[in-house]
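**Student:** Provided below: input_36.txt, containing compact mmCIF, C-alpha atoms.
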# COMPACT_ATOMS: atom_id res chain seq x y z
CA MET D 695 65.52 62.56 30.43
CA THR D 696 63.92 65.83 29.30
CA SER D 697 63.31 66.69 25.65
CA SER D 698 65.69 69.03 23.82
CA THR D 699 65.89 70.44 20.30
CA ASP D 700 68.70 71.66 18.04
CA LEU D 701 71.39 69.51 19.62
CA ASP D 702 74.83 70.26 18.21
CA PRO D 703 76.06 67.20 16.26
CA ARG D 704 79.52 67.84 17.71
CA LEU D 705 78.16 67.04 21.19
CA LEU D 706 76.62 63.82 19.96
CA ARG D 707 79.89 62.88 18.26
CA ALA D 708 81.73 63.46 21.54
CA PHE D 709 79.18 61.31 23.38
CA THR D 710 79.41 58.37 20.95
CA ALA D 711 83.22 58.47 21.02
CA VAL D 712 83.25 58.17 24.82
CA ALA D 713 80.52 55.51 24.68
CA ASP D 714 82.61 53.49 22.24
CA GLU D 715 85.92 53.86 24.08
CA LEU D 716 84.62 54.09 27.66
CA HIS D 717 87.74 56.15 28.23
CA PHE D 718 87.97 59.95 27.98
CA THR D 719 91.64 60.09 27.00
CA ARG D 720 91.25 57.59 24.14
CA ALA D 721 88.04 59.27 22.96
CA ALA D 722 89.73 62.68 22.92
CA ALA D 723 92.62 61.28 20.87
CA ARG D 724 90.16 59.73 18.41
CA LEU D 725 88.45 63.10 17.91
CA TYR D 726 91.73 65.08 17.84
CA VAL D 727 90.58 67.34 20.68
CA ALA D 728 91.88 68.06 24.15
CA GLN D 729 90.45 65.91 26.94
CA GLN D 730 89.31 69.05 28.75
CA ALA D 731 87.32 70.16 25.69
CA LEU D 732 85.76 66.70 25.38
CA SER D 733 84.71 66.68 29.04
CA ARG D 734 83.22 70.16 28.59
CA ASP D 735 81.14 68.96 25.61
CA ILE D 736 79.84 65.97 27.55
CA ARG D 737 78.81 68.19 30.48
CA ARG D 738 77.04 70.57 28.07
CA LEU D 739 75.14 67.69 26.46
CA GLU D 740 74.11 66.40 29.87
CA ARG D 741 72.84 69.87 30.83
CA GLU D 742 70.87 70.22 27.59
CA LEU D 743 69.29 66.79 28.00
CA GLY D 744 68.81 67.07 31.76
CA ALA D 745 70.34 63.65 32.26
CA GLU D 746 73.57 62.06 33.44
CA LEU D 747 75.05 59.96 30.63
CA PHE D 748 78.15 58.41 32.21
CA VAL D 749 79.24 57.11 35.59
CA ARG D 750 82.85 58.13 36.09
CA THR D 751 85.18 56.60 38.65
CA THR D 752 88.95 56.69 38.96
CA ARG D 753 89.12 53.27 37.30
CA GLN D 754 86.39 53.17 34.69
CA VAL D 755 83.68 54.94 32.70
CA THR D 756 80.30 53.30 32.11
CA LEU D 757 77.06 54.36 30.50
CA THR D 758 74.07 55.20 32.67
CA PRO D 759 70.61 53.91 31.66
CA ASP D 760 69.94 57.30 30.04
CA GLY D 761 73.26 57.02 28.21
CA GLU D 762 72.30 53.54 26.97
CA ARG D 763 68.96 54.93 25.78
CA LEU D 764 70.55 57.88 23.98
CA LEU D 765 73.24 55.91 22.16
CA PRO D 766 71.21 54.39 19.27
CA TYR D 767 69.50 57.73 18.60
CA ALA D 768 72.83 59.55 18.60
CA ARG D 769 74.21 57.08 16.06
CA GLN D 770 71.16 57.57 13.81
CA VAL D 771 71.46 61.36 13.92
CA LEU D 772 75.18 61.30 13.14
CA ALA D 773 74.69 58.80 10.31
CA ALA D 774 72.07 61.09 8.74
CA HIS D 775 74.29 64.13 9.26
CA ASP D 776 77.25 62.41 7.58
CA ALA D 777 75.08 61.16 4.72
CA LEU D 778 73.84 64.69 4.06
CA ALA D 779 77.38 66.08 3.98
CA ASP D 780 78.56 63.24 1.72
CA ALA D 781 75.68 63.81 -0.69
CA PHE D 782 76.59 67.44 -1.21
CA ARG D 783 80.30 66.70 -1.45
CA ALA D 784 79.67 64.05 -4.06
CA ALA D 785 77.27 66.11 -6.14
CA ALA D 786 78.50 69.67 -5.86
CA ARG D 787 76.67 71.87 -8.34
CA PRO D 788 78.60 73.36 -11.26
CA LEU D 789 80.71 76.39 -10.36
CA LEU D 790 80.16 79.34 -12.73
CA VAL D 791 83.53 81.00 -13.38
CA ASP D 792 83.75 84.30 -15.27
CA LEU D 793 87.03 84.61 -17.20
CA ASN D 794 86.27 88.17 -18.35
CA SER D 795 87.13 87.53 -22.03
CA PRO D 796 87.93 84.42 -24.10
CA GLU D 797 91.61 83.53 -24.48
CA LEU D 798 92.94 85.76 -21.70
CA ALA D 799 96.15 84.08 -20.62
CA THR D 800 95.97 84.49 -16.83
CA THR D 801 92.35 83.54 -16.24
CA SER D 802 92.38 80.70 -18.79
CA ARG D 803 95.48 79.15 -17.22
CA VAL D 804 94.06 79.32 -13.70
CA LEU D 805 90.85 77.62 -14.82
CA ALA D 806 92.74 74.95 -16.78
CA ARG D 807 94.93 74.12 -13.77
CA ALA D 808 91.93 74.06 -11.41
CA ARG D 809 90.23 71.55 -13.69
CA GLU D 810 93.32 69.37 -13.45
CA LEU D 811 93.33 69.63 -9.65
CA ALA D 812 89.61 68.84 -9.33
CA PRO D 813 88.67 66.66 -12.33
CA ASP D 814 85.44 65.52 -10.65
CA GLN D 815 84.11 69.09 -10.37
CA GLU D 816 82.27 70.96 -13.12
CA LEU D 817 83.80 74.41 -13.56
CA MET D 818 81.79 76.25 -16.21
CA ALA D 819 83.40 79.24 -17.98
CA ARG D 820 81.51 82.48 -18.54
CA TYR D 821 82.63 85.75 -20.19
CA GLU D 822 81.18 88.88 -18.60
CA SER D 823 83.84 91.40 -19.77
CA GLY D 824 84.42 93.44 -16.65
CA LEU D 825 84.58 92.84 -12.91
CA THR D 826 82.00 95.48 -12.00
CA GLY D 827 79.38 93.73 -14.10
CA ALA D 828 80.48 90.31 -12.88
CA ALA D 829 80.44 91.41 -9.22
CA ALA D 830 76.81 92.46 -9.54
CA GLN D 831 75.97 88.99 -10.82
CA ILE D 832 78.06 87.32 -8.11
CA THR D 833 76.27 89.14 -5.31
CA ALA D 834 72.91 88.37 -6.97
CA GLY D 835 73.77 84.68 -7.23
CA GLY D 836 74.02 84.47 -11.01
CA LEU D 837 77.79 83.86 -10.98
CA ASP D 838 80.14 82.33 -8.45
CA VAL D 839 83.65 83.53 -9.30
CA SER D 840 85.32 86.17 -11.45
CA PHE D 841 88.70 87.83 -12.00
CA GLY D 842 89.70 91.47 -12.14
CA ARG D 843 90.67 94.60 -10.28
CA TYR D 844 89.10 93.99 -6.87
CA GLY D 845 90.46 97.29 -5.51
CA GLY D 846 88.56 99.20 -8.21
CA LEU D 847 85.18 98.08 -6.86
CA PRO D 848 83.15 100.24 -4.44
CA ALA D 849 83.82 99.48 -0.78
CA ALA D 850 80.23 98.30 -0.25
CA THR D 851 80.65 95.75 -3.05
CA ARG D 852 84.04 94.57 -1.76
CA ALA D 853 82.48 93.96 1.65
CA ARG D 854 80.28 91.27 0.09
CA LEU D 855 83.12 89.49 -1.69
CA GLY D 856 86.15 87.37 -0.92
CA ALA D 857 89.34 87.97 -2.92
CA GLN D 858 92.75 86.45 -3.53
CA LEU D 859 95.43 88.42 -5.36
CA VAL D 860 96.59 86.38 -8.36
CA ARG D 861 98.85 88.50 -10.55
CA TYR D 862 100.38 91.88 -11.21
CA GLU D 863 99.65 91.78 -14.93
CA PRO D 864 101.85 93.96 -17.20
CA MET D 865 99.82 96.33 -19.35
CA ALA D 866 100.03 96.89 -23.09
CA VAL D 867 98.62 99.05 -25.86
CA ILE D 868 96.88 97.70 -28.95
CA LEU D 869 97.72 99.80 -32.01
CA PRO D 870 96.52 99.84 -35.62
CA GLU D 871 99.21 97.99 -37.55
CA ASP D 872 100.13 101.17 -39.45
CA HIS D 873 100.40 103.36 -36.32
CA PRO D 874 103.76 105.22 -36.00
CA LEU D 875 104.53 103.26 -32.80
CA ALA D 876 103.62 99.86 -34.26
CA GLY D 877 107.18 99.22 -35.37
CA VAL D 878 108.81 99.48 -31.94
CA PRO D 879 109.07 96.40 -29.66
CA GLU D 880 107.74 98.24 -26.60
CA VAL D 881 106.09 101.61 -26.03
CA PRO D 882 107.28 104.01 -23.31
CA LEU D 883 104.33 105.74 -21.68
CA ASP D 884 105.75 109.14 -22.57
CA ALA D 885 105.51 108.20 -26.26
CA LEU D 886 101.71 108.16 -25.90
CA ALA D 887 101.53 111.82 -24.84
CA GLY D 888 98.94 113.57 -27.00
CA GLU D 889 97.16 110.30 -27.84
CA ARG D 890 93.60 109.37 -26.98
CA ILE D 891 93.48 105.79 -25.68
CA TYR D 892 90.33 103.73 -25.44
CA ALA D 893 89.90 102.27 -21.93
CA GLY D 894 86.27 101.28 -21.75
CA ALA D 895 84.84 104.72 -21.04
CA GLY D 896 81.06 104.52 -20.87
CA ASN D 897 80.99 100.74 -20.45
CA GLU D 898 78.99 100.14 -17.28
CA ARG D 899 80.59 96.72 -16.86
CA THR D 900 84.17 98.02 -16.66
CA PRO D 901 84.46 101.30 -14.70
CA GLU D 902 87.26 99.73 -12.63
CA TRP D 903 89.34 99.47 -15.83
CA THR D 904 88.59 103.05 -16.92
CA ASP D 905 89.56 104.26 -13.44
CA LEU D 906 92.85 102.35 -13.64
CA ALA D 907 93.60 104.03 -16.98
CA ALA D 908 92.76 107.47 -15.59
CA ARG D 909 95.20 106.95 -12.71
CA LEU D 910 97.90 105.72 -15.08
CA PHE D 911 97.45 108.54 -17.61
CA ALA D 912 97.23 111.35 -15.03
CA GLY D 913 100.00 113.91 -15.55
CA ARG D 914 101.32 112.20 -18.67
CA GLY D 915 99.34 114.07 -21.31
CA ILE D 916 97.39 110.96 -22.32
CA ALA D 917 93.63 111.29 -22.72
CA ILE D 918 90.95 108.64 -22.36
CA ALA D 919 89.00 108.23 -25.58
CA PRO D 920 85.27 108.92 -25.39
CA PRO D 921 82.75 106.08 -25.25
CA ALA D 922 82.55 103.80 -28.27
CA PRO D 923 80.26 100.84 -29.09
CA LEU D 924 81.24 97.66 -27.30
CA ALA D 925 82.93 95.34 -29.80
CA VAL D 926 82.08 91.66 -29.34
CA GLY D 927 84.27 89.32 -31.35
CA LYS D 928 87.42 89.80 -33.41
CA GLU D 929 85.72 90.98 -36.58
CA GLU D 930 83.77 93.68 -34.76
CA PHE D 931 86.97 94.76 -33.01
CA ARG D 932 88.75 95.09 -36.34
CA ARG D 933 85.86 97.02 -37.88
CA LEU D 934 85.80 99.53 -35.05
CA MET D 935 89.59 99.82 -35.03
CA ASP D 936 89.55 100.55 -38.80
CA ARG D 937 86.86 103.17 -38.30
CA HIS D 938 88.06 104.98 -35.18
CA ARG D 939 91.84 104.41 -35.37
CA VAL D 940 92.13 104.72 -31.59
CA PRO D 941 94.75 102.73 -29.60
CA VAL D 942 93.31 100.47 -26.91
CA LEU D 943 94.65 99.90 -23.40
CA ALA D 944 94.99 96.18 -22.64
CA VAL D 945 97.17 93.69 -20.76
CA VAL D 946 100.07 91.70 -22.12
CA GLY D 947 98.62 88.41 -23.29
CA PHE D 948 95.37 89.90 -24.56
CA PRO D 949 94.24 87.78 -27.54
CA PRO D 950 95.65 88.99 -30.90
CA MET D 951 93.20 91.06 -32.89
CA PRO D 952 93.15 91.33 -36.71
CA GLY D 953 94.76 94.42 -38.18
CA THR D 954 96.51 95.39 -34.94
CA VAL D 955 99.75 94.92 -33.04
CA GLN D 956 100.14 94.64 -29.27
CA ARG D 957 103.06 96.34 -27.57
CA PRO D 958 103.99 96.20 -23.86
CA LEU D 959 104.11 99.52 -22.03
CA THR D 960 107.29 100.60 -20.26
CA ALA D 961 108.99 103.41 -18.36
CA PRO D 962 107.44 102.62 -15.95
CA VAL D 963 105.95 99.16 -16.51
CA PRO D 964 102.28 99.63 -15.52
CA LEU D 965 100.71 96.70 -13.70
CA SER D 966 97.07 95.73 -13.49
CA PRO D 967 96.35 93.91 -10.20
CA VAL D 968 94.23 90.85 -10.97
CA SER D 969 92.39 89.05 -8.17
CA LEU D 970 90.22 85.97 -7.97
CA VAL D 971 86.90 87.18 -6.56
CA TRP D 972 83.98 85.19 -5.16
CA ARG D 973 80.80 85.64 -3.14
CA LYS D 974 81.67 85.88 0.55
CA GLY D 975 80.71 82.69 2.36
CA LEU D 976 80.80 80.52 -0.78
CA ARG D 977 82.00 76.98 -0.07
CA HIS D 978 82.66 74.74 -3.06
CA PRO D 979 85.46 72.29 -3.92
CA GLY D 980 85.78 74.03 -7.29
CA LEU D 981 86.56 77.33 -5.55
CA ASP D 982 89.16 75.54 -3.43
CA ALA D 983 90.76 74.22 -6.63
CA LEU D 984 90.75 77.68 -8.24
CA ARG D 985 92.43 79.24 -5.21
CA ARG D 986 95.03 76.50 -5.10
CA ALA D 987 95.65 76.77 -8.86
CA ALA D 988 96.05 80.55 -8.66
CA ALA D 989 98.50 80.33 -5.77
CA GLU D 990 100.48 77.56 -7.48
CA LEU D 991 100.80 79.47 -10.76
CA ALA D 992 101.61 82.74 -9.03
CA ASP D 993 104.42 81.07 -7.12
CA ARG D 994 105.82 79.16 -10.08
CA GLU D 995 105.53 81.97 -12.63
CA GLY D 996 106.44 84.87 -10.33
CA TRP D 997 103.13 86.56 -10.98
CA LEU D 998 103.29 88.57 -7.76
CA VAL D 999 106.88 89.75 -8.22
CA ARG D 1000 106.93 93.41 -9.24
CA PRO D 1001 109.45 94.38 -11.94
CA PRO D 1002 111.88 97.15 -10.92
CA GLY D 1003 110.41 100.58 -11.52
CA SER D 1004 106.90 99.28 -12.09
CA TRP D 1005 103.68 101.21 -11.45
CA LEU D 1006 100.61 100.25 -9.42
CA PRO D 1007 97.68 102.48 -8.45
CA GLU D 1008 98.51 104.18 -5.16
CA GLY D 1009 96.54 103.04 -2.11
CA GLU D 1010 94.94 100.12 -3.93
CA PRO D 1011 92.87 97.88 -1.61
CA GLY D 1012 93.49 94.14 -1.72
CA LEU D 1013 97.11 94.11 -2.84
CA THR D 1014 98.17 91.96 0.09
CA GLY D 1015 95.93 89.08 -1.03
CA ALA D 1016 93.30 87.32 1.08
Can the structure from this file be put into structure tokens for me?

**Tutor:**
Amino acid sequence: MTSSTDLDPRLLRAFTAVADELHFTRAAARLYVAQQALSRDIRRLERELGAELFVRTTRQVTLTPDGERLLPYARQVLAAHDALADAFRAAARPLLVDLNSPELATTSRVLARARELAPDQELMARYESGLTGAAAQITAGGLDVSFGRYGGLPAATRARLGAQLVRYEPMAVILPEDHPLAGVPEVPLDALAGERIYAGAGNERTPEWTDLAARLFAGRGIAIAPPAPLAVGKEEFRRLMDRHRVPVLAVVGFPPMPGTVQRPLTAPVPLSPVSLVWRKGLRHPGLDALRRAAAELADREGWLVRPPGSWLPEGEPGLTGA
């Protein structure tokens, strides 16, 4: 038998199954593969080792001396391979999940359900406030998962990410509580003509949100408010709202802010496409749970059903899911 390196564990698993069963049909059934594929793997292993491992006749299969010599080593390699896989499955590192902002309904519910589905996994919440900023951290390895408008990211960034469409989230406007439109239950877009609406202009973490606003406001006489300091926390939000008196573009379900009212936008109902986004190639049971939770909630709550007459940005990448 000649020496060989980098043997595929699949070939060794095929060999040990045949050695145990001494029958190709039973071994193939045990491995859930076709008998032809199993025979092909055995021939490949024999070529790589330069040795015949089995004597095959029409009535029986037996191990050759080289097969007998290989068997204990094959079992040791497979045992070590399985132990390595089990160790990483049992002790998966924490998954860092960016929810964008505290108390956002969609992202918080997906995380809560994922924790129920995978109680043995540690899913750690983070709040990066914007998918563009989060995506930079994801690709750099500082975050694992985020939520937001995947189609608003540059193509080069999207190429490094995986995505799953979660929800068409209805959009809203946050108004000072004494604004003329604060008393109506919903605000038609045309009623905002002449207004300046804050949509994150100048915030390097959220250009995908500012771009969505620009597409929505185009041709409707609504202007994007100039850059303002980033408010962190409810009290800072209220202070800036009192000072600047500028309505803010948001989504329905955005956490209530002091001194303001939130009103859904209508005619048409604008939708913000929210996707679950992760680093391409990431494998983690926590990610599996998040994807399952998102799909489950979307199906049960109708999150991917578009209301009649709704609006989405034209030509948006990623709206068919992943």

**Student:** Just the number, please: distance in Å from atom CA of D:Pro759 to atom CA of D:Thr710, one decimal.

**Tutor:**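 Atom-to-atom, atom CA of D:Pro759 to atom CA of D:Thr710, that is 14.6 Å.
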
**Student:** For D:Ala745, find every residue with an atom within 10 Å (counting all atoms listed in the file), except residues of its own chain fewer than 2 positions away, and show them as a ChimeraX atom specification.

**Tutor:** /D:695-696,737,739-743,747-748,758-761

**Student:** What is the distance, in Å and to one decimal place, between atom CA of D:Leu859 and atom CA of D:Ala806?

**Tutor:**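 Between these atoms lies a distance of 17.9 Å.
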
**Student:** Hey, can you check how far atom CA of D:Thr756 sits from atom CA of D:Ala777?

**Tutor:** 29.0 Å

**Student:** Under the rule that only C-alpha atoms are counted, which of D:Glu816, D:Asp993, D:Glu1010, D:Glu880 is the nearest residue to D:Leu959?

**Tutor:**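 The answer is D:Glu880, which sits nearest to D:Leu959.
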
**Student:** What's around D:Asp884 at 12 Å? Count all atoms listed in the file, leave out sequence neighbours fewer than 5 positions away in its own chain, and write the answer as a PDB file with C-alpha atoms, in the frame of the given file.

**Tutor:**
ATOM      1  CA  LEU D 875     104.530 103.260 -32.800  1.00  0.00           C
ATOM      2  CA  GLU D 889      97.160 110.300 -27.840  1.00  0.00           C
ATOM      3  CA  LEU D 910      97.900 105.720 -15.080  1.00  0.00           C
ATOM      4  CA  PHE D 911      97.450 108.540 -17.610  1.00  0.00           C
ATOM      5  CA  ALA D 912      97.230 111.350 -15.030  1.00  0.00           C
ATOM      6  CA  GLY D 913     100.000 113.910 -15.550  1.00  0.00           C
ATOM      7  CA  ARG D 914     101.320 112.200 -18.670  1.00  0.00           C
ATOM      8  CA  GLY D 915      99.340 114.070 -21.310  1.00  0.00           C
ATOM      9  CA  ILE D 916      97.390 110.960 -22.320  1.00  0.00           C
ATOM     10  CA  LEU D 959     104.110  99.520 -22.030  1.00  0.00           C
ATOM     11  CA  THR D 960     107.290 100.600 -20.260  1.00  0.00           C
ATOM     12  CA  ALA D 961     108.990 103.410 -18.360  1.00  0.00           C
ATOM     13  CA  PRO D 962     107.440 102.620 -15.950  1.00  0.00           C
ATOM     14  CA  VAL D 963     105.950  99.160 -16.510  1.00  0.00           C
TER      15      VAL D 963
END

**Student:** Select, from D:Ala885, D:Val804, D:Met951, D:Leu790, the residue with the minimum atom-to-atom distance to D:Pro870, counting only C-alpha atoms.

**Tutor:** D:Met951

**Student:** Measuring atom to atom with all atoms listed in the file, identify which of D:Thr752, D:Tyr767, D:Pro941, D:Ala876 is nearest to D:Gly888.

**Tutor:**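 Looking at the shortest contact to D:Gly888, the residue is D:Pro941.
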
**Student:** Do you know which residues are at most 12 Å from D:Ala708 counting only C-alpha atoms, after dropping those on the same chain fewer than 6 positions away, and could you put them as a ChimeraX atom specification?

**Tutor:** /D:702,714-740,747,765,768-769,772

**Student:** Near D:Ala853, within 10 Å and counting all atoms listed in the file, which residues show up once chain neighbours fewer than 6 positions away are dropped, as a list in words?

**Tutor:**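 My list of contacting residues is Leu847, Arg973 and Lys974 of chain D.
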
**Student:** Hey, can you spit out that residue selection with C-alpha atoms as a CSV table (one decimal), in the coordinates of the input?

**Tutor:**
chain,number,residue,atom,x,y,z
D,847,LEU,CA,85.2,98.1,-6.9
D,973,ARG,CA,80.8,85.6,-3.1
D,974,LYS,CA,81.7,85.9,0.6

**Student:** Return the single residue from D:Leu825, D:Leu943, D:Leu883, D:Met865 that is closest to D:Pro901, with distances computed using all atoms listed in the file.

**Tutor:**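 Of all the options, D:Leu825 lies closest to D:Pro901.
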
**Student:** What's around D:Ser966 at 7 Å? Count all atoms listed in the file, leave out sequence neighbours fewer than 6 positions away in its own chain, and write the answer as a PDB file with C-alpha atoms, keeping the file's coordinate frame.

**Tutor:**
ATOM      1  CA  TYR D 862     100.380  91.880 -11.210  1.00  0.00           C
ATOM      2  CA  GLU D 863      99.650  91.780 -14.930  1.00  0.00           C
ATOM      3  CA  PRO D 864     101.850  93.960 -17.200  1.00  0.00           C
ATOM      4  CA  MET D 865      99.820  96.330 -19.350  1.00  0.00           C
TER       5      MET D 865
END

**Student:** Counting all atoms listed in the file, figure out which residue out of D:Val755, D:Ala908, D:Ala919, D:Leu706 gets nearest to D:Ala773.

**Tutor:** D:Leu706

**Student:** Which one is closest to D:Leu757: D:Val712, D:Leu793, D:Val771, D:Ala812? Count all atoms listed in the file.

**Tutor:**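 Looking only at the distances to D:Leu757, the closest residue turns out to be D:Val712.
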
**Student:** List every protein, DNA or RNA residue with an atom no more than 8 Å from (92.3, 80.3, -0.5) in the file's coordinates, counting only C-alpha atoms, and format the result as an MDAnalysis selection string.

**Tutor:** chainID D and resid 858 982 985:986 1016

**Student:** How would you write as a VMD selection string the residues that get within 8 Å of (92.7, 95.0, -23.6) in the file's frame, counting only C-alpha atoms?

**Tutor:** chain D and resid 866 to 868 893 942 to 945 948
